[in-house]
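So this one's input-v4.txt, compact mmCIF, C-alpha atoms and all ligand atoms:
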# COMPACT_ATOMS: atom_id res chain seq x y z
CA MET N 1 116.83 72.05 42.07
CA GLU N 2 113.94 69.53 42.14
CA LYS N 3 111.84 69.27 38.99
CA LEU N 4 108.08 69.61 39.42
CA LYS N 5 106.11 66.45 38.61
CA LEU N 6 103.30 67.37 36.22
CA ILE N 7 99.82 66.18 37.11
CA ASP N 8 97.66 64.18 34.75
CA TYR N 9 94.24 65.86 34.70
CA GLU N 10 92.75 62.84 32.91
CA ASP N 11 93.42 60.51 35.86
CA PRO N 12 90.33 60.65 38.10
CA GLY N 13 92.10 58.58 40.77
CA CYS N 14 94.96 61.03 41.05
CA GLY N 15 95.08 62.08 44.70
CA ASP N 16 96.87 65.27 43.72
CA LEU N 17 93.56 66.49 42.31
CA TYR N 18 91.38 65.77 45.37
CA ALA N 19 89.68 68.89 46.63
CA THR N 20 89.25 70.37 50.08
CA PRO N 21 85.76 69.79 51.50
CA GLN N 22 83.87 73.08 51.19
CA LYS N 23 82.79 72.97 54.86
CA LEU N 24 86.39 72.81 56.08
CA PHE N 25 87.39 75.62 53.76
CA ASP N 26 84.42 77.76 54.86
CA GLU N 27 85.35 77.38 58.53
CA LEU N 28 88.92 78.45 57.83
CA ASN N 29 87.84 81.21 55.49
CA SER N 30 85.68 82.75 58.20
CA GLU N 31 88.83 83.04 60.31
CA PHE N 32 91.38 84.04 57.65
CA ASP N 33 89.40 85.68 54.81
CA PHE N 34 91.47 84.17 51.99
CA THR N 35 92.22 85.99 48.73
CA LEU N 36 94.22 83.34 46.82
CA ASP N 37 94.16 79.61 46.06
CA PRO N 38 97.58 79.06 44.44
CA CYS N 39 97.04 75.45 43.30
CA ALA N 40 93.72 74.53 41.79
CA LEU N 41 91.62 73.78 38.78
CA PRO N 42 88.84 76.20 37.84
CA HIS N 43 86.18 73.86 39.29
CA THR N 44 88.02 73.22 42.58
CA ALA N 45 89.36 76.72 43.20
CA LYS N 46 88.44 78.01 46.61
CA CYS N 47 89.02 81.70 45.84
CA ASP N 48 88.20 83.94 42.87
CA ARG N 49 91.93 84.45 42.45
CA PHE N 50 93.65 81.13 41.76
CA PHE N 51 96.53 79.59 39.82
CA THR N 52 96.56 76.38 37.80
CA GLN N 53 99.39 74.13 36.68
CA GLU N 54 99.46 75.97 33.34
CA VAL N 55 100.54 79.24 34.93
CA ASP N 56 102.37 77.40 37.73
CA GLY N 57 101.51 78.78 41.14
CA LEU N 58 105.04 78.02 42.31
CA VAL N 59 106.50 80.81 40.20
CA GLN N 60 103.82 83.41 40.93
CA ASP N 61 103.86 86.23 43.47
CA TRP N 62 101.69 85.59 46.55
CA SER N 63 103.17 88.32 48.70
CA GLY N 64 100.07 90.52 48.91
CA ASP N 65 97.66 87.66 49.55
CA ARG N 66 95.97 85.69 52.27
CA VAL N 67 96.50 82.22 50.90
CA PHE N 68 94.74 78.89 51.34
CA MET N 69 97.03 76.13 50.06
CA ASN N 70 96.09 72.46 49.68
CA PRO N 71 98.95 71.38 47.42
CA PRO N 72 99.62 68.20 45.44
CA TYR N 73 100.85 65.70 48.04
CA SER N 74 103.00 63.58 45.70
CA GLN N 75 106.78 63.73 45.72
CA PRO N 76 108.70 65.86 44.96
CA ASN N 77 105.87 68.40 44.74
CA LEU N 78 104.79 68.72 48.37
CA PRO N 79 108.17 69.88 49.73
CA MET N 80 108.37 72.43 46.92
CA TRP N 81 104.97 73.86 47.83
CA ILE N 82 105.58 74.15 51.56
CA ARG N 83 108.95 75.80 50.89
CA LYS N 84 107.20 78.28 48.60
CA ALA N 85 104.55 78.94 51.26
CA TYR N 86 107.16 79.67 53.90
CA ASN N 87 109.19 81.89 51.56
CA GLU N 88 106.10 83.86 50.54
CA SER N 89 105.29 84.49 54.21
CA LEU N 90 108.71 86.10 54.51
CA ARG N 91 107.61 88.39 51.64
CA GLY N 92 104.34 89.38 53.33
CA ALA N 93 101.83 86.62 52.60
CA LEU N 94 99.72 84.82 55.16
CA VAL N 95 99.60 81.17 54.11
CA VAL N 96 97.45 78.43 55.62
CA CYS N 97 98.63 75.03 54.38
CA LEU N 98 96.49 71.89 54.55
CA VAL N 99 99.01 69.05 54.49
CA PRO N 100 99.46 65.47 55.69
CA SER N 101 100.63 65.29 59.27
CA ALA N 102 103.96 63.79 58.24
CA THR N 103 106.06 64.53 61.27
CA SER N 104 109.01 62.34 60.30
CA THR N 105 109.66 63.95 56.93
CA ALA N 106 112.40 66.42 56.11
CA TRP N 107 109.90 69.00 54.81
CA TRP N 108 108.01 68.87 58.10
CA HIS N 109 111.16 69.62 60.08
CA ASP N 110 112.60 72.13 57.59
CA TYR N 111 109.41 74.13 57.01
CA ALA N 112 106.21 73.04 58.80
CA MET N 113 107.82 73.43 62.21
CA LYS N 114 108.51 77.10 61.45
CA GLY N 115 104.74 77.71 61.40
CA GLU N 116 101.83 77.42 63.78
CA ILE N 117 100.61 73.83 63.63
CA ARG N 118 97.03 72.70 64.23
CA PHE N 119 96.44 68.95 64.09
CA ILE N 120 93.09 68.03 62.58
CA ARG N 121 90.92 65.69 64.61
CA GLY N 122 89.71 62.71 62.57
CA ARG N 123 90.56 62.09 58.94
CA ILE N 124 89.39 64.21 56.04
CA ARG N 125 87.21 62.89 53.25
CA PHE N 126 88.55 64.89 50.32
CA ASP N 127 86.21 65.66 47.43
CA GLY N 128 86.95 63.21 44.63
CA ALA N 129 88.30 60.51 46.95
CA ASN N 130 86.51 57.22 47.52
CA GLY N 131 86.73 57.33 51.29
CA THR N 132 88.47 59.05 54.14
CA ALA N 133 92.16 59.77 53.73
CA PRO N 134 94.61 57.04 54.84
CA PHE N 135 96.63 59.70 56.68
CA SER N 136 96.13 62.37 59.31
CA SER N 137 96.12 66.03 58.33
CA ALA N 138 97.35 69.26 59.84
CA LEU N 139 97.16 72.96 59.19
CA VAL N 140 100.45 74.80 59.04
CA ILE N 141 100.02 78.54 59.32
CA PHE N 142 102.77 80.86 58.17
CA ARG N 143 102.03 84.41 59.24
CA PRO N 144 103.61 87.32 57.40
CA LEU N 145 106.97 88.33 58.79
CA ASP N 146 106.72 91.16 61.33
CA SER N 147 102.95 91.08 61.45
CA ASN N 148 100.13 89.99 63.73
CA ALA N 149 97.82 88.98 60.86
C1 LIG N 201 94.95 68.84 46.26
S1 LIG N 201 94.34 69.75 44.87
C2 LIG N 201 93.61 71.14 45.67
C3 LIG N 201 92.52 71.79 44.85
C4 LIG N 201 91.87 73.03 45.49
N1 LIG N 201 92.83 74.09 45.67
C5 LIG N 201 91.26 72.69 46.82
O1 LIG N 201 91.82 73.04 47.86
O2 LIG N 201 90.19 72.07 46.80
C6 LIG N 201 95.87 70.40 44.21
C7 LIG N 201 95.69 71.16 42.92
O3 LIG N 201 96.94 71.72 42.53
C8 LIG N 201 96.93 71.84 41.12
N2 LIG N 201 98.31 72.03 40.68
C9 LIG N 201 99.26 71.09 40.49
N3 LIG N 201 100.43 71.65 40.12
C10 LIG N 201 100.21 72.98 40.08
C11 LIG N 201 101.02 74.12 39.78
N4 LIG N 201 102.31 73.97 39.42
N5 LIG N 201 100.45 75.35 39.86
C12 LIG N 201 99.17 75.49 40.21
N6 LIG N 201 98.33 74.47 40.49
C13 LIG N 201 98.86 73.22 40.43
C14 LIG N 201 96.29 70.53 40.68
O4 LIG N 201 95.76 70.62 39.38
C15 LIG N 201 95.21 70.35 41.74
O5 LIG N 201 94.01 70.90 41.25
Take the structure in the file and write it out as structure tokens.
Ligand SMILES: C[S@@+](CC[C@H](N)C(=O)[O-])C[C@H]1O[C@@H](n2cnc3c(N)ncnc32)[C@H](O)[C@@H]1O
Amino acid sequence: MEKLKLIDYEDPGCGDLYATPQKLFDELNSEFDFTLDPCALPHTAKCDRFFTQEVDGLVQDWSGDRVFMNPPYSQPNLPMWIRKAYNESLRGALVVCLVPSATSTAWWHDYAMKGEIRFIRGRIRFDGANGTAPFSSALVIFRPLDSNA
């Protein structure tokens, strides 16, 4: 079992802390009506209900939620988060994942390709970053098992 890499909150350059632009979140929220942000800090949380590293969103129950997930992108964290997202969808959650469009990775093939994929046009300027991201992004949408949500 992979061990989670803890994030240093004191490091302002840590990409794992960069936040989703509010405009992008608002557009998605108008479509999905999210109830949970499972990986956040209080000042970047996109939903009233959110989890931080201290309570560890990876071990919490998301099954009754409509989830917006922009996880830490560093290794080995990202594969652990997308696996959690997929598994929670099997337990009833709807999970929209904002992730790098990393189509050659194992996690993309093992998990992302089980969801609905929407490639994002252009590159995102994450809040906290100095410029636009040096990678392309995609949305991976895991709908609850046996549901049309
Ligand atoms: C890319 S940021 C996204 C922040 C915010 N959710 C957003 O979309 O703007 C990832 C966040 O995950 C948090 N995080 C890291 N490990 C976590 C864990 N085990 N449980 C919950 N949150 C965690 C980090 O502190 C960071 O704020």
Expected selection as a VMD selection string for ligand LIG 201 (chain N) within 8 Å, only C-alpha atoms and all ligand atoms: chain N and resid 4 to 7 9 15 to 22 25 37 to 41 44 to 46 51 to 58 68 to 73 77 127
Residue contacts of Trp107 (chain N) (10 Å, all atoms listed in the file) excluding same-chain residues fewer than 3 positions away, as a list in words: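 In the requested format, the answer is Leu78, Pro79, Met80, Trp81, Ile82, Arg83, Ala102, Thr103, Ser104, Asp110, Tyr111, Ala112 and Met113 of chain N.
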Can you write out the residues you just picked, keeping C-alpha atoms, as a PDB file, in the frame of the given file?
ATOM      1  CA  LEU N  78     104.790  68.720  48.370  1.00  0.00           C
ATOM      2  CA  PRO N  79     108.170  69.880  49.730  1.00  0.00           C
ATOM      3  CA  MET N  80     108.370  72.430  46.920  1.00  0.00           C
ATOM      4  CA  TRP N  81     104.970  73.860  47.830  1.00  0.00           C
ATOM      5  CA  ILE N  82     105.580  74.150  51.560  1.00  0.00           C
ATOM      6  CA  ARG N  83     108.950  75.800  50.890  1.00  0.00           C
ATOM      7  CA  ALA N 102     103.960  63.790  58.240  1.00  0.00           C
ATOM      8  CA  THR N 103     106.060  64.530  61.270  1.00  0.00           C
ATOM      9  CA  SER N 104     109.010  62.340  60.300  1.00  0.00           C
ATOM     10  CA  ASP N 110     112.600  72.130  57.590  1.00  0.00           C
ATOM     11  CA  TYR N 111     109.410  74.130  57.010  1.00  0.00           C
ATOM     12  CA  ALA N 112     106.210  73.040  58.800  1.00  0.00           C
ATOM     13  CA  MET N 113     107.820  73.430  62.210  1.00  0.00           C
TER      14      MET N 113
END
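The residue that comes closest to Lys3 (chain N), out of N:Asp65, N:Pro76, N:Gln60, N:Ser136 and on the basis of all atoms listed in the file, is N:Pro76.
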Which of N:Glu31, N:Phe50, N:Gln75, N:Phe126 sits closest to Thr105 (chain N) [using all atoms listed in the file]: N:Gln75
Length of the CA of Lys114 (chain N) to CA of Thr132 (chain N) vector [Å]: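 So the answer is 27.9 Å.
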Which of N:Ser74, N:Ser137, N:Asn130, N:Asn87 sits closest to Val99 (chain N) [using all atoms listed in the file]: N:Ser137
Distance of CA of Gly128 (chain N) from CA of Leu98 (chain N), expressed in Å to one decimal place: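 Result for CA of Leu98 (chain N) versus CA of Gly128 (chain N): 16.3 Å, one decimal.
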Each side padded by 5 Å, which centre and which edge lengths in Å (one decimal) define the axis-aligned box around the listed atoms of region 116-130 of chain N? Give them as JSON.
{"center_x": 94.0, "center_y": 67.3, "center_z": 54.6, "size_x": 25.6, "size_y": 30.2, "size_z": 30.0}
Option closest in space to Thr35 (chain N), from N:Cys47, N:Val140, N:Ala85, N:Ala93 [counting all atoms listed in the file]: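 Going through N:Cys47, N:Val140, N:Ala85, N:Ala93 one by one, the smallest distance to Thr35 (chain N) is for N:Cys47.
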Atomic distance CA of Pro42 (chain N) - CA of Ala138 (chain N), expressed in Å with one decimal: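 For CA of Pro42 (chain N) relative to CA of Ala138 (chain N), the distance reads 24.6 Å.
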Nearest candidate to Arg118 (chain N) (options N:Arg91, N:Leu28, N:Tyr86, N:Asp48; using only C-alpha atoms): N:Leu28
Contacts of Arg143 (chain N) within 12 Å, only C-alpha atoms, excl. fewer than 5 positions in-chain, as a list in words: Phe32, Ser63, Asp65, Arg66, Val67, Ala85, Tyr86, Asn87, Glu88, Ser89, Leu90, Arg91, Gly92, Ala93, Leu94, Val95, Val96, Cys97, Lys114, Gly115, Glu116, Ile117, Asn148 and Ala149 of chain N
Output file for the residues above (C-alpha atoms, as a PDB file, in the coordinates of the input):
ATOM      1  CA  PHE N  32      91.380  84.040  57.650  1.00  0.00           C
ATOM      2  CA  SER N  63     103.170  88.320  48.700  1.00  0.00           C
ATOM      3  CA  ASP N  65      97.660  87.660  49.550  1.00  0.00           C
ATOM      4  CA  ARG N  66      95.970  85.690  52.270  1.00  0.00           C
ATOM      5  CA  VAL N  67      96.500  82.220  50.900  1.00  0.00           C
ATOM      6  CA  ALA N  85     104.550  78.940  51.260  1.00  0.00           C
ATOM      7  CA  TYR N  86     107.160  79.670  53.900  1.00  0.00           C
ATOM      8  CA  ASN N  87     109.190  81.890  51.560  1.00  0.00           C
ATOM      9  CA  GLU N  88     106.100  83.860  50.540  1.00  0.00           C
ATOM     10  CA  SER N  89     105.290  84.490  54.210  1.00  0.00           C
ATOM     11  CA  LEU N  90     108.710  86.100  54.510  1.00  0.00           C
ATOM     12  CA  ARG N  91     107.610  88.390  51.640  1.00  0.00           C
ATOM     13  CA  GLY N  92     104.340  89.380  53.330  1.00  0.00           C
ATOM     14  CA  ALA N  93     101.830  86.620  52.600  1.00  0.00           C
ATOM     15  CA  LEU N  94      99.720  84.820  55.160  1.00  0.00           C
ATOM     16  CA  VAL N  95      99.600  81.170  54.110  1.00  0.00           C
ATOM     17  CA  VAL N  96      97.450  78.430  55.620  1.00  0.00           C
ATOM     18  CA  CYS N  97      98.630  75.030  54.380  1.00  0.00           C
ATOM     19  CA  LYS N 114     108.510  77.100  61.450  1.00  0.00           C
ATOM     20  CA  GLY N 115     104.740  77.710  61.400  1.00  0.00           C
ATOM     21  CA  GLU N 116     101.830  77.420  63.780  1.00  0.00           C
ATOM     22  CA  ILE N 117     100.610  73.830  63.630  1.00  0.00           C
ATOM     23  CA  ASN N 148     100.130  89.990  63.730  1.00  0.00           C
ATOM     24  CA  ALA N 149      97.820  88.980  60.860  1.00  0.00           C
TER      25      ALA N 149
END
